[in-house]
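Quick look at protein-v6.pdb (PDB, C-alpha atoms):
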MODEL        1
ATOM      1  CA  MET A   3     122.080  97.443 109.770  1.00  0.00           C
ATOM      2  CA  ALA A   4     123.001  97.428 113.462  1.00  0.00           C
ATOM      3  CA  PRO A   5     120.163  98.181 115.916  1.00  0.00           C
ATOM      4  CA  MET A   6     120.194 101.389 117.943  1.00  0.00           C
ATOM      5  CA  PRO A   7     121.897 101.097 121.330  1.00  0.00           C
ATOM      6  CA  THR A   8     118.831 102.654 123.022  1.00  0.00           C
ATOM      7  CA  PRO A   9     115.324 101.254 122.422  1.00  0.00           C
ATOM      8  CA  ARG A  10     112.807 104.045 121.732  1.00  0.00           C
ATOM      9  CA  ARG A  11     109.502 104.867 120.117  1.00  0.00           C
ATOM     10  CA  TYR A  12     107.930 108.110 118.884  1.00  0.00           C
ATOM     11  CA  ALA A  13     111.416 109.365 118.113  1.00  0.00           C
ATOM     12  CA  GLY A  14     112.241 111.660 115.222  1.00  0.00           C
ATOM     13  CA  THR A  15     114.462 110.488 112.371  1.00  0.00           C
ATOM     14  CA  ALA A  16     116.266 112.338 109.595  1.00  0.00           C
ATOM     15  CA  VAL A  17     119.346 112.043 107.407  1.00  0.00           C
ATOM     16  CA  LEU A  18     121.998 114.765 107.659  1.00  0.00           C
ATOM     17  CA  ASP A  19     125.440 114.676 106.034  1.00  0.00           C
ATOM     18  CA  GLY A  20     125.064 111.000 105.212  1.00  0.00           C
ATOM     19  CA  LYS A  21     124.190 109.960 108.751  1.00  0.00           C
ATOM     20  CA  LEU A  22     120.867 108.762 110.129  1.00  0.00           C
ATOM     21  CA  TYR A  23     119.764 110.547 113.320  1.00  0.00           C
ATOM     22  CA  ALA A  24     117.363 109.154 115.932  1.00  0.00           C
ATOM     23  CA  VAL A  25     116.269 111.995 118.195  1.00  0.00           C
ATOM     24  CA  GLY A  26     114.347 111.836 121.464  1.00  0.00           C
ATOM     25  CA  GLY A  27     111.311 109.606 121.932  1.00  0.00           C
ATOM     26  CA  LEU A  28     110.021 107.328 124.672  1.00  0.00           C
ATOM     27  CA  ASN A  29     112.252 104.905 126.504  1.00  0.00           C
ATOM     28  CA  GLU A  30     111.880 101.146 126.607  1.00  0.00           C
ATOM     29  CA  ALA A  31     109.392 101.269 129.485  1.00  0.00           C
ATOM     30  CA  ASP A  32     107.289 103.965 127.755  1.00  0.00           C
ATOM     31  CA  THR A  33     107.361 105.962 130.982  1.00  0.00           C
ATOM     32  CA  LEU A  34     109.729 108.833 130.203  1.00  0.00           C
ATOM     33  CA  ASN A  35     110.688 110.864 127.198  1.00  0.00           C
ATOM     34  CA  SER A  36     114.299 110.944 126.181  1.00  0.00           C
ATOM     35  CA  ASN A  37     116.592 113.735 125.120  1.00  0.00           C
ATOM     36  CA  LEU A  38     119.090 111.196 123.811  1.00  0.00           C
ATOM     37  CA  VAL A  39     120.350 111.538 120.252  1.00  0.00           C
ATOM     38  CA  GLU A  40     122.109 108.778 118.348  1.00  0.00           C
ATOM     39  CA  ARG A  41     123.317 108.701 114.779  1.00  0.00           C
ATOM     40  CA  TYR A  42     124.231 105.909 112.416  1.00  0.00           C
ATOM     41  CA  ASP A  43     127.266 106.268 110.145  1.00  0.00           C
ATOM     42  CA  PHE A  44     126.722 104.316 106.946  1.00  0.00           C
ATOM     43  CA  ALA A  45     130.479 104.364 106.250  1.00  0.00           C
ATOM     44  CA  THR A  46     131.452 102.691 109.518  1.00  0.00           C
ATOM     45  CA  LYS A  47     128.133 100.827 109.955  1.00  0.00           C
ATOM     46  CA  ALA A  48     128.023 101.880 113.582  1.00  0.00           C
ATOM     47  CA  TRP A  49     125.924 104.016 115.913  1.00  0.00           C
ATOM     48  CA  GLU A  50     127.397 106.792 118.038  1.00  0.00           C
ATOM     49  CA  ALA A  51     126.033 109.243 120.573  1.00  0.00           C
ATOM     50  CA  ALA A  52     125.520 112.858 119.548  1.00  0.00           C
ATOM     51  CA  ALA A  53     124.770 115.853 121.762  1.00  0.00           C
ATOM     52  CA  PRO A  54     121.428 115.441 123.578  1.00  0.00           C
ATOM     53  CA  LEU A  55     118.441 117.704 123.098  1.00  0.00           C
ATOM     54  CA  VAL A  56     118.107 120.585 125.544  1.00  0.00           C
ATOM     55  CA  THR A  57     114.517 119.510 126.306  1.00  0.00           C
ATOM     56  CA  PRO A  58     113.138 115.951 126.055  1.00  0.00           C
ATOM     57  CA  HIS A  59     110.764 115.570 123.111  1.00  0.00           C
ATOM     58  CA  GLU A  60     108.498 112.786 121.882  1.00  0.00           C
ATOM     59  CA  ASN A  61     106.053 112.687 118.992  1.00  0.00           C
ATOM     60  CA  HIS A  62     107.948 115.637 117.552  1.00  0.00           C
ATOM     61  CA  GLU A  63     109.059 116.144 113.963  1.00  0.00           C
ATOM     62  CA  LEU A  64     112.493 116.580 112.379  1.00  0.00           C
ATOM     63  CA  ALA A  65     113.582 118.357 109.227  1.00  0.00           C
ATOM     64  CA  VAL A  66     116.888 119.393 107.684  1.00  0.00           C
ATOM     65  CA  LEU A  67     117.350 122.993 106.557  1.00  0.00           C
ATOM     66  CA  ASP A  68     120.611 124.662 105.478  1.00  0.00           C
ATOM     67  CA  GLY A  69     122.713 121.784 106.790  1.00  0.00           C
ATOM     68  CA  LYS A  70     121.171 121.833 110.253  1.00  0.00           C
ATOM     69  CA  LEU A  71     118.623 119.611 111.967  1.00  0.00           C
ATOM     70  CA  TYR A  72     115.442 121.020 113.512  1.00  0.00           C
ATOM     71  CA  ALA A  73     113.386 119.274 116.221  1.00  0.00           C
ATOM     72  CA  VAL A  74     109.930 120.843 116.217  1.00  0.00           C
ATOM     73  CA  GLY A  75     107.168 120.619 118.826  1.00  0.00           C
ATOM     74  CA  GLY A  76     105.915 117.352 120.319  1.00  0.00           C
ATOM     75  CA  CYS A  77     105.447 116.599 124.032  1.00  0.00           C
ATOM     76  CA  ASN A  78     107.715 116.683 127.080  1.00  0.00           C
ATOM     77  CA  ASN A  79     108.086 114.539 130.213  1.00  0.00           C
ATOM     78  CA  ASP A  80     104.899 116.011 131.707  1.00  0.00           C
ATOM     79  CA  ASP A  81     102.846 115.338 128.548  1.00  0.00           C
ATOM     80  CA  ASP A  82     102.678 119.071 127.861  1.00  0.00           C
ATOM     81  CA  PHE A  83     102.305 120.033 124.212  1.00  0.00           C
ATOM     82  CA  LEU A  84     105.366 121.932 123.003  1.00  0.00           C
ATOM     83  CA  SER A  85     105.801 124.929 120.760  1.00  0.00           C
ATOM     84  CA  SER A  86     109.557 124.898 121.298  1.00  0.00           C
ATOM     85  CA  VAL A  87     112.047 124.292 118.489  1.00  0.00           C
ATOM     86  CA  GLU A  88     115.673 123.231 118.737  1.00  0.00           C
ATOM     87  CA  ARG A  89     118.351 123.342 116.034  1.00  0.00           C
ATOM     88  CA  TYR A  90     121.358 121.018 115.795  1.00  0.00           C
ATOM     89  CA  ASP A  91     124.641 121.996 114.168  1.00  0.00           C
ATOM     90  CA  PRO A  92     126.688 118.906 113.200  1.00  0.00           C
ATOM     91  CA  VAL A  93     129.859 121.015 112.998  1.00  0.00           C
ATOM     92  CA  THR A  94     129.709 122.020 116.668  1.00  0.00           C
ATOM     93  CA  ASN A  95     127.695 118.955 117.802  1.00  0.00           C
ATOM     94  CA  ALA A  96     125.369 121.224 119.767  1.00  0.00           C
ATOM     95  CA  TRP A  97     121.665 122.025 119.993  1.00  0.00           C
ATOM     96  CA  GLU A  98     120.295 125.531 120.498  1.00  0.00           C
ATOM     97  CA  ALA A  99     116.810 126.882 121.034  1.00  0.00           C
ATOM     98  CA  VAL A 100     115.369 128.985 118.212  1.00  0.00           C
ATOM     99  CA  ALA A 101     112.097 130.888 118.006  1.00  0.00           C
ATOM    100  CA  PRO A 102     109.120 128.773 119.134  1.00  0.00           C
ATOM    101  CA  MET A 103     106.025 128.243 117.038  1.00  0.00           C
ATOM    102  CA  ALA A 104     102.965 130.344 117.818  1.00  0.00           C
ATOM    103  CA  THR A 105     100.987 127.140 118.408  1.00  0.00           C
ATOM    104  CA  ALA A 106     102.065 124.143 120.466  1.00  0.00           C
ATOM    105  CA  ARG A 107     101.517 120.954 118.482  1.00  0.00           C
ATOM    106  CA  GLU A 108     102.202 117.221 118.330  1.00  0.00           C
ATOM    107  CA  GLY A 109     101.286 114.690 115.681  1.00  0.00           C
ATOM    108  CA  HIS A 110     102.066 117.343 113.092  1.00  0.00           C
ATOM    109  CA  ALA A 111     104.264 117.172 109.997  1.00  0.00           C
ATOM    110  CA  VAL A 112     107.329 119.254 109.154  1.00  0.00           C
ATOM    111  CA  ALA A 113     109.191 119.798 105.894  1.00  0.00           C
ATOM    112  CA  ALA A 114     111.673 122.254 104.387  1.00  0.00           C
ATOM    113  CA  LEU A 115     110.772 124.078 101.170  1.00  0.00           C
ATOM    114  CA  ASP A 116     112.503 127.009  99.455  1.00  0.00           C
ATOM    115  CA  GLY A 117     114.774 127.686 102.420  1.00  0.00           C
ATOM    116  CA  LYS A 118     111.952 127.774 104.966  1.00  0.00           C
ATOM    117  CA  LEU A 119     110.506 125.292 107.427  1.00  0.00           C
ATOM    118  CA  TYR A 120     106.790 124.417 107.517  1.00  0.00           C
ATOM    119  CA  ALA A 121     104.892 122.947 110.500  1.00  0.00           C
ATOM    120  CA  VAL A 122     101.537 121.586 109.385  1.00  0.00           C
ATOM    121  CA  GLY A 123      98.498 120.425 111.356  1.00  0.00           C
ATOM    122  CA  GLY A 124      98.725 118.163 114.409  1.00  0.00           C
ATOM    123  CA  ARG A 125      96.916 118.683 117.687  1.00  0.00           C
ATOM    124  CA  ASN A 126      97.069 120.285 121.106  1.00  0.00           C
ATOM    125  CA  ASP A 127      93.776 120.650 122.969  1.00  0.00           C
ATOM    126  CA  GLY A 128      92.061 119.955 119.646  1.00  0.00           C
ATOM    127  CA  LEU A 129      92.971 118.987 116.104  1.00  0.00           C
ATOM    128  CA  LEU A 130      94.644 121.587 113.895  1.00  0.00           C
ATOM    129  CA  SER A 131      94.512 122.653 110.272  1.00  0.00           C
ATOM    130  CA  SER A 132      96.848 125.590 110.883  1.00  0.00           C
ATOM    131  CA  VAL A 133     100.239 125.957 109.206  1.00  0.00           C
ATOM    132  CA  GLU A 134     103.272 127.947 110.309  1.00  0.00           C
ATOM    133  CA  ARG A 135     106.421 128.823 108.357  1.00  0.00           C
ATOM    134  CA  TYR A 136     109.873 129.511 109.856  1.00  0.00           C
ATOM    135  CA  ASP A 137     112.392 131.766 108.126  1.00  0.00           C
ATOM    136  CA  PRO A 138     115.941 131.205 109.436  1.00  0.00           C
ATOM    137  CA  ALA A 139     116.993 134.591 108.043  1.00  0.00           C
ATOM    138  CA  THR A 140     114.657 136.396 110.466  1.00  0.00           C
ATOM    139  CA  SER A 141     114.423 133.593 113.058  1.00  0.00           C
ATOM    140  CA  ALA A 142     110.649 134.029 113.138  1.00  0.00           C
ATOM    141  CA  TRP A 143     107.513 131.992 112.433  1.00  0.00           C
ATOM    142  CA  GLU A 144     104.536 133.304 110.487  1.00  0.00           C
ATOM    143  CA  ALA A 145     101.081 131.905 109.799  1.00  0.00           C
ATOM    144  CA  VAL A 146     100.329 130.858 106.223  1.00  0.00           C
ATOM    145  CA  ALA A 147      97.178 129.443 104.644  1.00  0.00           C
ATOM    146  CA  PRO A 148      95.644 126.574 106.654  1.00  0.00           C
ATOM    147  CA  MET A 149      94.701 123.214 105.189  1.00  0.00           C
ATOM    148  CA  ALA A 150      91.073 122.562 104.329  1.00  0.00           C
ATOM    149  CA  ALA A 151      90.984 119.637 106.782  1.00  0.00           C
ATOM    150  CA  ASP A 152      92.185 119.235 110.342  1.00  0.00           C
ATOM    151  CA  ARG A 153      94.635 116.367 110.364  1.00  0.00           C
ATOM    152  CA  MET A 154      97.141 114.680 112.649  1.00  0.00           C
ATOM    153  CA  ALA A 155      99.382 111.629 112.265  1.00  0.00           C
ATOM    154  CA  HIS A 156      99.617 112.541 108.591  1.00  0.00           C
ATOM    155  CA  ALA A 157     102.786 112.537 106.522  1.00  0.00           C
ATOM    156  CA  MET A 158     104.321 115.244 104.375  1.00  0.00           C
ATOM    157  CA  ALA A 159     106.829 115.518 101.563  1.00  0.00           C
ATOM    158  CA  VAL A 160     108.049 118.034  98.991  1.00  0.00           C
ATOM    159  CA  LEU A 161     107.544 117.251  95.312  1.00  0.00           C
ATOM    160  CA  ASP A 162     108.059 119.649  92.389  1.00  0.00           C
ATOM    161  CA  GLY A 163     108.344 122.648  94.712  1.00  0.00           C
ATOM    162  CA  LYS A 164     105.087 121.966  96.547  1.00  0.00           C
ATOM    163  CA  LEU A 165     104.132 120.449  99.897  1.00  0.00           C
ATOM    164  CA  TYR A 166     101.940 117.361 100.037  1.00  0.00           C
ATOM    165  CA  ALA A 167     100.007 116.576 103.241  1.00  0.00           C
ATOM    166  CA  VAL A 168      98.969 112.946 102.951  1.00  0.00           C
ATOM    167  CA  GLY A 169      96.309 111.078 104.918  1.00  0.00           C
ATOM    168  CA  GLY A 170      96.185 111.196 108.716  1.00  0.00           C
ATOM    169  CA  GLY A 171      93.100 111.344 110.865  1.00  0.00           C
ATOM    170  CA  ASN A 172      90.597 113.717 112.444  1.00  0.00           C
ATOM    171  CA  ASP A 173      87.513 113.621 114.645  1.00  0.00           C
ATOM    172  CA  ASP A 174      85.019 114.202 111.838  1.00  0.00           C
ATOM    173  CA  ASP A 175      86.193 111.686 109.251  1.00  0.00           C
ATOM    174  CA  GLY A 176      88.327 109.203 111.193  1.00  0.00           C
ATOM    175  CA  TYR A 177      91.174 107.849 109.094  1.00  0.00           C
ATOM    176  CA  LEU A 178      91.819 109.924 105.981  1.00  0.00           C
ATOM    177  CA  SER A 179      92.716 109.076 102.402  1.00  0.00           C
ATOM    178  CA  SER A 180      92.624 112.723 101.332  1.00  0.00           C
ATOM    179  CA  VAL A 181      95.693 114.578 100.107  1.00  0.00           C
ATOM    180  CA  GLU A 182      96.252 118.339 100.002  1.00  0.00           C
ATOM    181  CA  ARG A 183      98.977 120.189  98.107  1.00  0.00           C
ATOM    182  CA  TYR A 184     100.398 123.587  99.065  1.00  0.00           C
ATOM    183  CA  ASP A 185     101.785 126.061  96.543  1.00  0.00           C
ATOM    184  CA  PRO A 186     104.040 128.618  98.289  1.00  0.00           C
ATOM    185  CA  ALA A 187     103.777 131.043  95.359  1.00  0.00           C
ATOM    186  CA  LEU A 188     100.003 131.231  95.813  1.00  0.00           C
ATOM    187  CA  ASP A 189      99.934 130.601  99.575  1.00  0.00           C
ATOM    188  CA  ALA A 190      97.096 128.182  98.921  1.00  0.00           C
ATOM    189  CA  TRP A 191      96.208 124.519  99.399  1.00  0.00           C
ATOM    190  CA  GLU A 192      94.315 122.415  96.867  1.00  0.00           C
ATOM    191  CA  ALA A 193      92.910 118.907  96.974  1.00  0.00           C
ATOM    192  CA  VAL A 194      94.572 116.315  94.753  1.00  0.00           C
ATOM    193  CA  ALA A 195      93.623 112.687  94.116  1.00  0.00           C
ATOM    194  CA  PRO A 196      93.078 110.729  97.358  1.00  0.00           C
ATOM    195  CA  MET A 197      94.856 107.492  98.137  1.00  0.00           C
ATOM    196  CA  ALA A 198      92.987 104.243  97.622  1.00  0.00           C
ATOM    197  CA  ALA A 199      93.455 103.367 101.307  1.00  0.00           C
ATOM    198  CA  VAL A 200      92.739 105.484 104.353  1.00  0.00           C
ATOM    199  CA  ARG A 201      95.850 105.578 106.527  1.00  0.00           C
ATOM    200  CA  GLU A 202      97.514 107.406 109.387  1.00  0.00           C
ATOM    201  CA  ALA A 203     100.880 107.027 111.120  1.00  0.00           C
ATOM    202  CA  HIS A 204     102.387 106.130 107.747  1.00  0.00           C
ATOM    203  CA  ALA A 205     105.535 107.290 105.979  1.00  0.00           C
ATOM    204  CA  VAL A 206     106.020 109.154 102.715  1.00  0.00           C
ATOM    205  CA  ALA A 207     109.055 109.652 100.510  1.00  0.00           C
ATOM    206  CA  VAL A 208     109.798 110.983  97.033  1.00  0.00           C
ATOM    207  CA  LEU A 209     111.660 108.853  94.495  1.00  0.00           C
ATOM    208  CA  ASP A 210     112.168 109.587  90.786  1.00  0.00           C
ATOM    209  CA  GLY A 211     109.564 112.354  90.792  1.00  0.00           C
ATOM    210  CA  LYS A 212     106.842 110.289  92.425  1.00  0.00           C
ATOM    211  CA  LEU A 213     105.412 110.210  95.939  1.00  0.00           C
ATOM    212  CA  TYR A 214     105.198 106.972  97.920  1.00  0.00           C
ATOM    213  CA  ALA A 215     102.866 106.384 100.880  1.00  0.00           C
ATOM    214  CA  VAL A 216     104.090 103.442 102.941  1.00  0.00           C
ATOM    215  CA  GLY A 217     102.328 101.420 105.635  1.00  0.00           C
ATOM    216  CA  GLY A 218     100.514 103.133 108.494  1.00  0.00           C
ATOM    217  CA  CYS A 219      97.272 101.965 110.073  1.00  0.00           C
ATOM    218  CA  ASN A 220      93.480 101.958 109.761  1.00  0.00           C
ATOM    219  CA  ASN A 221      92.075  99.640 112.419  1.00  0.00           C
ATOM    220  CA  GLY A 222      95.335  97.687 112.132  1.00  0.00           C
ATOM    221  CA  ALA A 223      98.849  98.050 110.788  1.00  0.00           C
ATOM    222  CA  LEU A 224      99.256  98.139 106.993  1.00  0.00           C
ATOM    223  CA  SER A 225     101.826  96.652 104.646  1.00  0.00           C
ATOM    224  CA  SER A 226     100.388  98.305 101.536  1.00  0.00           C
ATOM    225  CA  VAL A 227     102.244 100.933  99.503  1.00  0.00           C
ATOM    226  CA  GLU A 228     100.835 103.446  97.030  1.00  0.00           C
ATOM    227  CA  ARG A 229     102.601 105.698  94.533  1.00  0.00           C
ATOM    228  CA  TYR A 230     101.395 109.090  93.287  1.00  0.00           C
ATOM    229  CA  ASP A 231     102.397 110.375  89.865  1.00  0.00           C
ATOM    230  CA  PRO A 232     101.876 114.157  89.582  1.00  0.00           C
ATOM    231  CA  ALA A 233     102.021 113.922  85.781  1.00  0.00           C
ATOM    232  CA  VAL A 234      98.754 111.980  85.705  1.00  0.00           C
ATOM    233  CA  GLY A 235      97.381 113.085  89.081  1.00  0.00           C
ATOM    234  CA  ALA A 236      96.681 109.543  90.263  1.00  0.00           C
ATOM    235  CA  TRP A 237      97.761 106.935  92.807  1.00  0.00           C
ATOM    236  CA  GLU A 238      98.561 103.313  92.001  1.00  0.00           C
ATOM    237  CA  ALA A 239      99.322 100.319  94.202  1.00  0.00           C
ATOM    238  CA  VAL A 240     102.871  98.955  94.155  1.00  0.00           C
ATOM    239  CA  ALA A 241     104.391  95.917  95.861  1.00  0.00           C
ATOM    240  CA  PRO A 242     103.552  95.794  99.579  1.00  0.00           C
ATOM    241  CA  MET A 243     106.131  95.445 102.319  1.00  0.00           C
ATOM    242  CA  ALA A 244     106.766  92.000 103.740  1.00  0.00           C
ATOM    243  CA  ALA A 245     105.734  93.231 107.191  1.00  0.00           C
ATOM    244  CA  ALA A 246     102.875  95.512 108.185  1.00  0.00           C
ATOM    245  CA  ARG A 247     104.129  98.527 110.111  1.00  0.00           C
ATOM    246  CA  MET A 248     102.935 101.834 111.527  1.00  0.00           C
ATOM    247  CA  THR A 249     104.643 104.917 113.004  1.00  0.00           C
ATOM    248  CA  ALA A 250     107.554 104.042 110.739  1.00  0.00           C
ATOM    249  CA  PHE A 251     109.725 106.467 108.800  1.00  0.00           C
ATOM    250  CA  ALA A 252     111.004 106.425 105.234  1.00  0.00           C
ATOM    251  CA  VAL A 253     114.173 108.189 104.120  1.00  0.00           C
ATOM    252  CA  LEU A 254     115.864 108.264 100.741  1.00  0.00           C
ATOM    253  CA  MET A 255     119.540 107.307 100.649  1.00  0.00           C
TER     254      MET A 255
ENDMDL
END

Just give me the structure of the file as structure tokens.
Amino acid sequence: MAPMPTPRRYAGTAVLDGKLYAVGGLNEADTLNSNLVERYDFATKAWEAAAPLVTPHENHELAVLDGKLYAVGGCNNDDDFLSSVERYDPVTNAWEAVAPMATAREGHAVAALDGKLYAVGGRNDGLLSSVERYDPATSAWEAVAPMAADRMAHAMAVLDGKLYAVGGGNDDDGYLSSVERYDPALDAWEAVAPMAAVREAHAVAVLDGKLYAVGGCNNGALSSVERYDPAVGAWEAVAPMAAARMTAFAVLM
């Protein structure tokens, strides 16, 4: 796969309409955020520029909802925490501002579930357990049940109609192995089996009805991979990656 034309870190990534988007992030010198957006076309095996963000973002989160891409929170050029949210329409190749979150946050996790967008945890002046939900029909955010634990640099995925918040870190416990699961019908979180390894800045993805936690760090980058089976409520180790990596992303193609 061809490298991106623009080096960047702390960007957001997501797949929309069969293309891989790299959105915002820090530039090569790590001195400025970027509002640049590039996308990779798997058919042509080439990168192309897409419309830039309205506001530079880094350490933000991306999610796809109703065929549009959302860039949620993060930081700007002045290292201010952001509550702002932008939405990208691939048909018009344009970003627009939508309703901001009630709480500015970075290092959070975002996922779409049942036609709504969830922003979970993260930090601003302190670590957060709070959760907000965006309804595109009303263009408004609302608070829902918070997690039991503050966590940032965690990862999140949807499995069997529920949200999983996996690992991360906080001030009280350091790196976390704990996993919480949110049921939207009950508006409640519950603890499920923890991972064998504590990890933050990792990636998660769902494949064949199971949840994979990939890489991350705990006093060093990790190559290990664990798989959670909801049928038995347990994690198991699977083959590690060849290279240890953190702040990576995993997408299913």

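Closest approach to Lys118 of chain A among A:Asn221, A:Ser141, A:Asn61, A:Asn78: A:Ser141, based on only C-alpha atoms.
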
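Remark: for Val160 of chain A, the closest of the candidate residues A:Ala113, A:Ala52, A:Val100, A:Leu18 is A:Ala113 (distances computed over all atoms listed in the file).
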
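Minimum atom-to-atom distance to Thr46 of chain A, evaluated using all atoms listed in the file, belongs to A:Gly20 out of A:Gly218, A:Gly109, A:Gly20, A:Gly163.
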
Hey, which bits of segment 8-111 of chain A sit within 12 Å of segment 193-209 of chain A, and for each residue what's the closest pair of atoms and how far apart in Å (one decimal), counting all atoms listed in the file, rows by chain and increasing number, as a Markdown table?
| residue | atom | partner | partner_atom | distance |
| --- | --- | --- | --- | --- |
| A:Tyr12 | CA | A:Ala203 | CA | 10.5 |
| A:Thr15 | CA | A:Ala205 | CA | 11.4 |
| A:Ala16 | CA | A:Ala207 | CA | 11.9 |
| A:Asn61 | CA | A:Ala203 | CA | 11.0 |
| A:Gly109 | CA | A:Ala203 | CA | 8.9 |
| A:His110 | CA | A:Ala203 | CA | 10.6 |
| A:Ala111 | CA | A:Ala205 | CA | 10.7 |

Export C-alpha atoms of the chosen residues as a PDB file, in the frame of the given file?
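Output below, filename selection_4.pdb:
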ATOM      1  CA  TYR A  12     107.930 108.110 118.884  1.00  0.00           C
ATOM      2  CA  THR A  15     114.462 110.488 112.371  1.00  0.00           C
ATOM      3  CA  ALA A  16     116.266 112.338 109.595  1.00  0.00           C
ATOM      4  CA  ASN A  61     106.053 112.687 118.992  1.00  0.00           C
ATOM      5  CA  GLY A 109     101.286 114.690 115.681  1.00  0.00           C
ATOM      6  CA  HIS A 110     102.066 117.343 113.092  1.00  0.00           C
ATOM      7  CA  ALA A 111     104.264 117.172 109.997  1.00  0.00           C
TER       8      ALA A 111
END

Requested in this report: Step by step: start from the point (103.1, 101.4, 96.0) in the file's coordinates, keep every protein, DNA or RNA residue that has an atom no farther than 6 Å from it, count all atoms listed in the file, and write the set as number ranges by chain.
Outcome: A: 227-229, 239-241

Report task. Evaluate the PyMOL selection byres ((chain A and resi 158) around 12) on the structure here and hand back the selected residues as number ranges by chain. Result -> A: 63-65, 109-115, 120-124, 153-157, 159-161, 164-170, 181-184, 202-208, 213-216, 251-252

Can I get the selection written as an mmCIF file, keeping the file's coordinate frame, with C-alpha atoms?
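Below is the file that was written, again14.cif:
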data_model
loop_
_atom_site.group_PDB
_atom_site.id
_atom_site.type_symbol
_atom_site.label_atom_id
_atom_site.label_comp_id
_atom_site.auth_asym_id
_atom_site.auth_seq_id
_atom_site.Cartn_x
_atom_site.Cartn_y
_atom_site.Cartn_z
ATOM 1 C CA GLU A 63 109.059 116.144 113.963
ATOM 2 C CA LEU A 64 112.493 116.580 112.379
ATOM 3 C CA ALA A 65 113.582 118.357 109.227
ATOM 4 C CA GLY A 109 101.286 114.690 115.681
ATOM 5 C CA HIS A 110 102.066 117.343 113.092
ATOM 6 C CA ALA A 111 104.264 117.172 109.997
ATOM 7 C CA VAL A 112 107.329 119.254 109.154
ATOM 8 C CA ALA A 113 109.191 119.798 105.894
ATOM 9 C CA ALA A 114 111.673 122.254 104.387
ATOM 10 C CA LEU A 115 110.772 124.078 101.170
ATOM 11 C CA TYR A 120 106.790 124.417 107.517
ATOM 12 C CA ALA A 121 104.892 122.947 110.500
ATOM 13 C CA VAL A 122 101.537 121.586 109.385
ATOM 14 C CA GLY A 123 98.498 120.425 111.356
ATOM 15 C CA GLY A 124 98.725 118.163 114.409
ATOM 16 C CA ARG A 153 94.635 116.367 110.364
ATOM 17 C CA MET A 154 97.141 114.680 112.649
ATOM 18 C CA ALA A 155 99.382 111.629 112.265
ATOM 19 C CA HIS A 156 99.617 112.541 108.591
ATOM 20 C CA ALA A 157 102.786 112.537 106.522
ATOM 21 C CA ALA A 159 106.829 115.518 101.563
ATOM 22 C CA VAL A 160 108.049 118.034 98.991
ATOM 23 C CA LEU A 161 107.544 117.251 95.312
ATOM 24 C CA LYS A 164 105.087 121.966 96.547
ATOM 25 C CA LEU A 165 104.132 120.449 99.897
ATOM 26 C CA TYR A 166 101.940 117.361 100.037
ATOM 27 C CA ALA A 167 100.007 116.576 103.241
ATOM 28 C CA VAL A 168 98.969 112.946 102.951
ATOM 29 C CA GLY A 169 96.309 111.078 104.918
ATOM 30 C CA GLY A 170 96.185 111.196 108.716
ATOM 31 C CA VAL A 181 95.693 114.578 100.107
ATOM 32 C CA GLU A 182 96.252 118.339 100.002
ATOM 33 C CA ARG A 183 98.977 120.189 98.107
ATOM 34 C CA TYR A 184 100.398 123.587 99.065
ATOM 35 C CA GLU A 202 97.514 107.406 109.387
ATOM 36 C CA ALA A 203 100.880 107.027 111.120
ATOM 37 C CA HIS A 204 102.387 106.130 107.747
ATOM 38 C CA ALA A 205 105.535 107.290 105.979
ATOM 39 C CA VAL A 206 106.020 109.154 102.715
ATOM 40 C CA ALA A 207 109.055 109.652 100.510
ATOM 41 C CA VAL A 208 109.798 110.983 97.033
ATOM 42 C CA LEU A 213 105.412 110.210 95.939
ATOM 43 C CA TYR A 214 105.198 106.972 97.920
ATOM 44 C CA ALA A 215 102.866 106.384 100.880
ATOM 45 C CA VAL A 216 104.090 103.442 102.941
ATOM 46 C CA PHE A 251 109.725 106.467 108.800
ATOM 47 C CA ALA A 252 111.004 106.425 105.234
#

Query raised in the report: To one decimal place, how far is atom CA of Ala142 of chain A from atom CA of Glu108 of chain A in Å?
Result: 19.5 Å
